[in-house]
Amino acid sequence: MWNQLQLAYLGIEVPDPASLTPCFGDVVGLVPGEPGSPAGSLAWRNDDRAQRVVLRPGAANDAVYVGFEAAGEAAFEAVAARLETAGYPVEEGSAELVADRRVSRLASTTAPWGVGVELVDHLRSASHPYSSALMPGGFFTTGVGFGHVVFATVAFEESHHFATDGLGFEQSDWLEIEIAEGVELEVRFYHCNERHHTLALAKAPFELPQTLHHVMFEANKRDDVGAAFDRAWASGLPIPNGLGRHDNDGMFSFYVASPAGFLVEVGHGAKLVTEKWDENRRYDRMSLWGHKPLRPTAP
Ligand SMILES: [Fe+2]
């Protein structure tokens, strides 16, 4: 299904939402969204929409829900019906939930990777436009959603079924690499619009403490990624992957580790996919160059 969905928002539960402000605010350059519920929640945004990342206080220390915005009423109905047919009944969201998510309609289910999936219509705009001195070029979101999310799961094939037969995503390509002697990593990348991948799934060898591997924000300007990298370096946060360029989507990016453990990728210039995409093939390396763990400085 082409151009029927976009990544709307990501809900993350952490014991102390404010602990992520240095990462999302100071490093990435997101700006505060409208305060939501429950009390103590914080919202962040990377464009004119009311919220893109929501942090709520709690013990999960992981993503708890992800929203996909339908391209109108007909698309909403089509995706909801598709999920039902694929074996994932959806539940119509209450008025309270609809209001909290700043949408006009919501239907939810749970993905096989254990995170709530919310199909929504019309994510509202914030009361004032997006502007960030730290990210002057802004982020690439128009028509493609706020970024991409990557989850690790032991329920790999079932999750693939959910993404493709349920949500109607198409696989863009996949990665198979040996990360240690005899240990294979497989990641499948999925698109639902021009963004090379809105969702990716990594095959976890065993149940991991966190399902969310990373969330990615794509800057419009390459220099804004460099400046964000400088801020990440100055922040003292771990940088498990320094600047590099991915082989499959061509993204120039780096990854900073949030204080909650999951990673945040800041990138620029990923290739776009087309409706008639026929490059679904295997890649055997993560990056053309870079994305190496950075050498710690001598004490
Ligand atoms: Fe990524």
# chains A, B, ... in the order shown; residues from 1 in each chain; ligands from 1
$ select_by_dssp --residues "region 106-225 of chain A" --states "helix (DSSP H, G or I)" --output "count of residues only"
15
$ residues_near_ligand --ligand "ligand 1" --cutoff "9 Å" --atoms "only C-alpha atoms and all ligand atoms" --output "JSON, numbers by chain"
{"A": [147, 148, 149, 150, 197, 199, 200, 213, 214, 215, 216, 217, 246, 251, 253, 255, 264, 265, 266, 267]}
$ write_last_selection --atoms "all heavy atoms" --output "compact mmCIF listing (two decimals), in the first residue's frame"
# COMPACT_ATOMS: atom_id res chain seq x y z
N GLY A 147 10.26 10.16 10.99
CA GLY A 147 11.57 9.50 10.96
C GLY A 147 11.39 8.01 10.77
O GLY A 147 10.46 7.59 10.07
N HIS A 148 12.28 7.22 11.39
CA HIS A 148 12.04 5.78 11.39
C HIS A 148 12.34 5.17 12.75
O HIS A 148 13.02 5.78 13.58
CB HIS A 148 12.76 5.06 10.23
CG HIS A 148 14.26 4.96 10.31
ND1 HIS A 148 15.08 5.26 9.25
CD2 HIS A 148 15.10 4.56 11.30
CE1 HIS A 148 16.34 5.05 9.58
NE2 HIS A 148 16.39 4.62 10.83
N VAL A 149 11.75 4.00 12.95
CA VAL A 149 11.93 3.28 14.22
C VAL A 149 12.38 1.86 13.92
O VAL A 149 11.96 1.27 12.91
CB VAL A 149 10.63 3.24 15.06
CG1 VAL A 149 10.37 4.59 15.71
CG2 VAL A 149 9.42 2.82 14.24
N VAL A 150 13.24 1.34 14.79
CA VAL A 150 13.79 -0.01 14.60
C VAL A 150 13.60 -0.80 15.89
O VAL A 150 14.01 -0.35 16.97
CB VAL A 150 15.28 0.05 14.20
CG1 VAL A 150 15.84 -1.35 14.01
CG2 VAL A 150 15.45 0.86 12.92
N HIS A 197 12.98 3.48 4.75
CA HIS A 197 12.29 2.64 5.74
C HIS A 197 11.72 3.50 6.85
O HIS A 197 12.37 4.40 7.35
CB HIS A 197 13.15 1.51 6.29
CG HIS A 197 14.45 1.92 6.92
ND1 HIS A 197 15.57 2.28 6.19
CD2 HIS A 197 14.81 2.01 8.22
CE1 HIS A 197 16.56 2.56 7.02
NE2 HIS A 197 16.13 2.42 8.27
N LEU A 199 10.05 1.63 9.17
CA LEU A 199 10.14 0.60 10.20
C LEU A 199 11.22 -0.39 9.78
O LEU A 199 11.35 -0.72 8.60
CB LEU A 199 8.79 -0.14 10.28
CG LEU A 199 8.72 -1.42 11.11
CD1 LEU A 199 8.77 -1.08 12.60
CD2 LEU A 199 7.44 -2.19 10.79
N ALA A 200 12.02 -0.84 10.74
CA ALA A 200 12.92 -1.97 10.48
C ALA A 200 12.81 -2.91 11.67
O ALA A 200 12.54 -2.49 12.80
CB ALA A 200 14.35 -1.50 10.27
N HIS A 213 15.37 -0.48 19.36
CA HIS A 213 16.82 -0.36 19.12
C HIS A 213 17.19 1.10 18.90
O HIS A 213 18.07 1.62 19.54
CB HIS A 213 17.26 -1.22 17.94
CG HIS A 213 18.72 -1.09 17.67
ND1 HIS A 213 19.24 -0.17 16.78
CD2 HIS A 213 19.78 -1.72 18.22
CE1 HIS A 213 20.57 -0.25 16.79
NE2 HIS A 213 20.93 -1.19 17.65
N HIS A 214 16.50 1.75 17.94
CA HIS A 214 16.75 3.18 17.77
C HIS A 214 15.60 3.88 17.07
O HIS A 214 14.74 3.26 16.47
CB HIS A 214 18.08 3.44 17.04
CG HIS A 214 18.09 3.14 15.56
ND1 HIS A 214 18.50 1.94 15.04
CD2 HIS A 214 17.76 3.92 14.50
CE1 HIS A 214 18.43 1.99 13.72
NE2 HIS A 214 17.97 3.17 13.36
N VAL A 215 15.61 5.20 17.23
CA VAL A 215 14.69 6.07 16.51
C VAL A 215 15.55 7.04 15.72
O VAL A 215 16.60 7.48 16.19
CB VAL A 215 13.72 6.79 17.49
CG1 VAL A 215 14.48 7.52 18.60
CG2 VAL A 215 12.81 7.78 16.75
N MET A 216 15.15 7.33 14.48
CA MET A 216 15.97 8.17 13.59
C MET A 216 15.23 9.44 13.21
O MET A 216 14.03 9.42 12.92
CB MET A 216 16.30 7.38 12.32
CG MET A 216 17.27 8.02 11.35
SD MET A 216 16.68 9.41 10.32
CE MET A 216 15.27 8.71 9.48
N PHE A 217 15.97 10.55 13.22
CA PHE A 217 15.47 11.84 12.75
C PHE A 217 16.36 12.28 11.58
O PHE A 217 17.59 12.26 11.71
CB PHE A 217 15.53 12.89 13.87
CG PHE A 217 14.79 12.47 15.10
CD1 PHE A 217 15.46 11.85 16.16
CD2 PHE A 217 13.42 12.67 15.22
CE1 PHE A 217 14.78 11.46 17.30
CE2 PHE A 217 12.73 12.28 16.36
CZ PHE A 217 13.42 11.67 17.41
N HIS A 246 25.33 4.51 5.56
CA HIS A 246 24.76 3.16 5.41
C HIS A 246 24.81 2.71 3.95
O HIS A 246 24.64 3.50 3.03
CB HIS A 246 23.31 3.13 5.90
CG HIS A 246 23.19 3.11 7.39
ND1 HIS A 246 23.82 2.17 8.17
CD2 HIS A 246 22.51 3.92 8.24
CE1 HIS A 246 23.53 2.40 9.45
NE2 HIS A 246 22.75 3.45 9.52
N MET A 251 22.16 6.59 3.94
CA MET A 251 22.06 7.65 4.95
C MET A 251 23.42 7.99 5.56
O MET A 251 24.16 7.11 5.97
CB MET A 251 21.11 7.19 6.07
CG MET A 251 20.95 8.15 7.22
SD MET A 251 19.62 9.31 6.96
CE MET A 251 18.21 8.30 7.41
N SER A 253 24.99 9.48 8.73
CA SER A 253 24.40 9.60 10.07
C SER A 253 25.39 9.20 11.16
O SER A 253 26.48 8.71 10.88
CB SER A 253 23.16 8.70 10.18
OG SER A 253 23.52 7.33 10.08
N TYR A 255 25.02 7.66 15.55
CA TYR A 255 24.10 7.17 16.59
C TYR A 255 24.65 7.57 17.95
O TYR A 255 25.80 7.27 18.27
CB TYR A 255 23.99 5.65 16.57
CG TYR A 255 23.36 5.04 15.34
CD1 TYR A 255 24.00 5.09 14.09
CD2 TYR A 255 22.15 4.36 15.42
CE1 TYR A 255 23.44 4.50 12.97
CE2 TYR A 255 21.57 3.77 14.30
CZ TYR A 255 22.22 3.85 13.08
OH TYR A 255 21.67 3.26 11.98
N VAL A 264 19.70 6.86 19.36
CA VAL A 264 19.06 7.88 18.54
C VAL A 264 19.98 8.15 17.35
O VAL A 264 21.16 8.46 17.54
CB VAL A 264 18.82 9.18 19.33
CG1 VAL A 264 18.20 10.25 18.42
CG2 VAL A 264 17.92 8.91 20.53
N GLU A 265 19.46 7.97 16.14
CA GLU A 265 20.23 8.21 14.92
C GLU A 265 19.84 9.58 14.37
O GLU A 265 18.65 9.91 14.27
CB GLU A 265 19.92 7.12 13.88
CG GLU A 265 20.70 7.29 12.57
CD GLU A 265 20.35 6.22 11.52
OE1 GLU A 265 19.37 5.47 11.70
OE2 GLU A 265 21.08 6.14 10.51
N VAL A 266 20.84 10.38 14.03
CA VAL A 266 20.60 11.66 13.37
C VAL A 266 21.27 11.56 12.01
O VAL A 266 22.47 11.27 11.92
CB VAL A 266 21.21 12.83 14.17
CG1 VAL A 266 20.92 14.16 13.48
CG2 VAL A 266 20.65 12.85 15.60
N GLY A 267 20.49 11.75 10.94
CA GLY A 267 21.04 11.53 9.62
C GLY A 267 20.59 12.54 8.60
O GLY A 267 19.83 13.48 8.90
$ atom_distance --atom1 "CA of Val90 (chain A)" --atom2 "CA of Gly166 (chain A)"
10.8 Å
$ residues_around --residues "Ala71 (chain A)" --least-positions-apart "3" --cutoff "12 Å" --atoms "only C-alpha atoms" --output "ChimeraX atom specification"
/A:1-8,68,74-79,119-123,143-145,192-193
$ write_last_selection --atoms "N, CA and C atoms" --output "short mmCIF file (atom, residue, chain, number, x, y, z; two decimals), in the first residue's frame"
data_model
loop_
_atom_site.label_atom_id
_atom_site.label_comp_id
_atom_site.auth_asym_id
_atom_site.auth_seq_id
_atom_site.Cartn_x
_atom_site.Cartn_y
_atom_site.Cartn_z
N MET A 1 0.86 -1.19 0.00
CA MET A 1 0.00 0.00 0.00
C MET A 1 0.89 1.24 0.00
N TRP A 2 0.80 2.02 -1.04
CA TRP A 2 1.71 3.15 -1.24
C TRP A 2 1.07 4.44 -0.74
N ASN A 3 1.84 5.18 0.10
CA ASN A 3 1.41 6.50 0.58
C ASN A 3 0.10 6.48 1.37
N GLN A 4 -0.16 5.38 2.05
CA GLN A 4 -1.36 5.30 2.89
C GLN A 4 -1.04 5.57 4.36
N LEU A 5 0.25 5.44 4.73
CA LEU A 5 0.65 5.62 6.13
C LEU A 5 1.93 6.44 6.23
N GLN A 6 2.08 7.09 7.38
CA GLN A 6 3.33 7.78 7.75
C GLN A 6 3.56 7.54 9.23
N LEU A 7 4.81 7.55 9.65
CA LEU A 7 5.12 7.42 11.07
C LEU A 7 4.64 8.70 11.79
N ALA A 8 3.71 8.53 12.73
CA ALA A 8 3.10 9.70 13.39
C ALA A 8 3.83 10.08 14.67
N PHE A 68 0.89 5.27 13.60
CA PHE A 68 1.01 5.45 12.14
C PHE A 68 -0.21 6.23 11.67
N ALA A 74 -10.42 6.97 4.27
CA ALA A 74 -10.45 5.74 3.47
C ALA A 74 -9.22 4.88 3.76
N ALA A 75 -8.07 5.53 3.90
CA ALA A 75 -6.85 4.80 4.20
C ALA A 75 -6.94 4.19 5.60
N PHE A 76 -7.50 4.94 6.54
CA PHE A 76 -7.67 4.44 7.91
C PHE A 76 -8.50 3.15 7.88
N GLU A 77 -9.64 3.21 7.19
CA GLU A 77 -10.53 2.03 7.11
C GLU A 77 -9.82 0.86 6.43
N ALA A 78 -9.08 1.15 5.38
CA ALA A 78 -8.41 0.08 4.62
C ALA A 78 -7.35 -0.62 5.46
N VAL A 79 -6.56 0.17 6.20
CA VAL A 79 -5.49 -0.44 7.01
C VAL A 79 -6.10 -1.19 8.19
N LEU A 119 -3.15 3.06 14.90
CA LEU A 119 -3.49 3.60 13.59
C LEU A 119 -4.31 4.86 13.85
N VAL A 120 -3.85 5.99 13.33
CA VAL A 120 -4.52 7.25 13.66
C VAL A 120 -4.85 8.05 12.39
N ASP A 121 -5.81 8.93 12.55
CA ASP A 121 -6.16 9.86 11.48
C ASP A 121 -5.91 11.28 11.99
N HIS A 122 -5.30 12.08 11.18
CA HIS A 122 -5.13 13.52 11.41
C HIS A 122 -4.46 13.89 12.73
N LEU A 123 -3.16 13.71 12.78
CA LEU A 123 -2.37 14.19 13.92
C LEU A 123 -2.32 15.71 13.85
N GLY A 143 5.22 14.32 4.11
CA GLY A 143 4.81 13.16 3.31
C GLY A 143 5.45 11.85 3.71
N VAL A 144 6.41 11.91 4.65
CA VAL A 144 7.17 10.70 4.98
C VAL A 144 7.18 10.38 6.48
N GLY A 145 6.45 11.15 7.28
CA GLY A 145 6.44 10.89 8.72
C GLY A 145 7.67 11.44 9.40
N CYS A 192 6.49 2.50 3.57
CA CYS A 192 5.07 2.68 3.30
C CYS A 192 4.85 3.97 2.52
N ASN A 193 5.93 4.69 2.26
CA ASN A 193 5.91 5.91 1.46
C ASN A 193 7.34 6.08 0.92
#
$ residues_around --residues "Gln210 (chain A)" --least-positions-apart "2" --cutoff "9 Å" --atoms "only C-alpha atoms" --output "VMD selection string"
chain A and resid 60 to 63 151 to 152 207 to 208 212 to 213 261 to 262
$ closest_residue --among "A:Trp289, A:Phe146, A:Trp233, A:Trp277" --to "Phe252 (chain A)" --atoms "only C-alpha atoms"
A:Trp289
$ closest_residue --among "A:Pro38, A:Gly72, A:Pro259, A:Gly168" --to "Pro238 (chain A)" --atoms "only C-alpha atoms"
A:Pro259
$ residues_around --residues "Gly33 (chain A)" --least-positions-apart "2" --cutoff "7 Å" --atoms "only C-alpha atoms" --output "PyMOL selection string"
chain A and resi 31+35+43-45+50-51
$ closest_residue --among "A:Ile239, A:Cys23, A:Val256, A:Val66" --to "Leu294 (chain A)" --atoms "only C-alpha atoms"
A:Ile239
$ closest_residue --among "A:Arg49, A:Arg188, A:Arg82, A:His268" --to "Gly226 (chain A)" --atoms "only C-alpha atoms"
A:His268
$ residues_around --residues "Ser41 (chain A)" --least-positions-apart "6" --cutoff "12 Å" --atoms "only C-alpha atoms" --output "MDAnalysis selection string"
chainID A and resid 11:21 32:35 51 53:58 100
$ decode --residues "region 137-186 of chain A" --atoms "C-alpha atoms" --output "tab-separated table (two decimals), in the first residue's frame"
chain	number	residue	atom	x	y	z
A	137	GLY	CA	17.47	23.50	8.38
A	138	GLY	CA	14.67	21.55	10.03
A	139	PHE	CA	13.82	17.91	9.54
A	140	PHE	CA	12.59	15.96	6.54
A	141	THR	CA	9.04	14.91	7.46
A	142	THR	CA	6.63	16.14	4.77
A	143	GLY	CA	4.81	13.16	3.31
A	144	VAL	CA	7.17	10.70	4.98
A	145	GLY	CA	6.44	10.89	8.72
A	146	PHE	CA	8.76	12.03	11.48
A	147	GLY	CA	11.57	9.50	10.96
A	148	HIS	CA	12.04	5.78	11.39
A	149	VAL	CA	11.93	3.28	14.22
A	150	VAL	CA	13.79	-0.01	14.60
A	151	PHE	CA	12.69	-2.80	16.91
A	152	ALA	CA	14.48	-6.01	17.90
A	153	THR	CA	12.34	-9.09	18.35
A	154	VAL	CA	12.53	-12.84	18.78
A	155	ALA	CA	9.12	-13.02	17.03
A	156	PHE	CA	10.78	-12.11	13.74
A	157	GLU	CA	8.64	-13.91	11.15
A	158	GLU	CA	5.38	-13.09	12.93
A	159	SER	CA	6.47	-9.44	13.08
A	160	HIS	CA	7.25	-9.51	9.35
A	161	HIS	CA	3.74	-10.84	8.73
A	162	PHE	CA	2.27	-8.03	10.85
A	163	ALA	CA	4.26	-5.34	9.02
A	164	THR	CA	3.57	-6.57	5.49
A	165	ASP	CA	0.22	-8.38	5.56
A	166	GLY	CA	-1.19	-6.34	8.47
A	167	LEU	CA	0.03	-2.78	8.00
A	168	GLY	CA	0.66	-3.20	4.28
A	169	PHE	CA	4.31	-2.18	4.33
A	170	GLU	CA	6.62	-3.34	1.55
A	171	GLN	CA	10.09	-4.68	2.28
A	172	SER	CA	12.77	-2.34	0.86
A	173	ASP	CA	15.75	-4.66	1.38
A	174	TRP	CA	17.46	-6.62	4.13
A	175	LEU	CA	20.78	-6.94	5.87
A	176	GLU	CA	22.51	-10.15	6.87
A	177	ILE	CA	25.87	-9.90	8.57
A	178	GLU	CA	27.95	-12.00	10.92
A	179	ILE	CA	28.43	-9.80	13.98
A	180	ALA	CA	30.54	-12.37	15.85
A	181	GLU	CA	31.82	-15.86	15.06
A	182	GLY	CA	28.71	-17.86	14.22
A	183	VAL	CA	26.31	-15.06	15.23
A	184	GLU	CA	24.18	-13.74	12.36
A	185	LEU	CA	22.32	-10.46	12.45
A	186	GLU	CA	19.33	-10.06	10.14
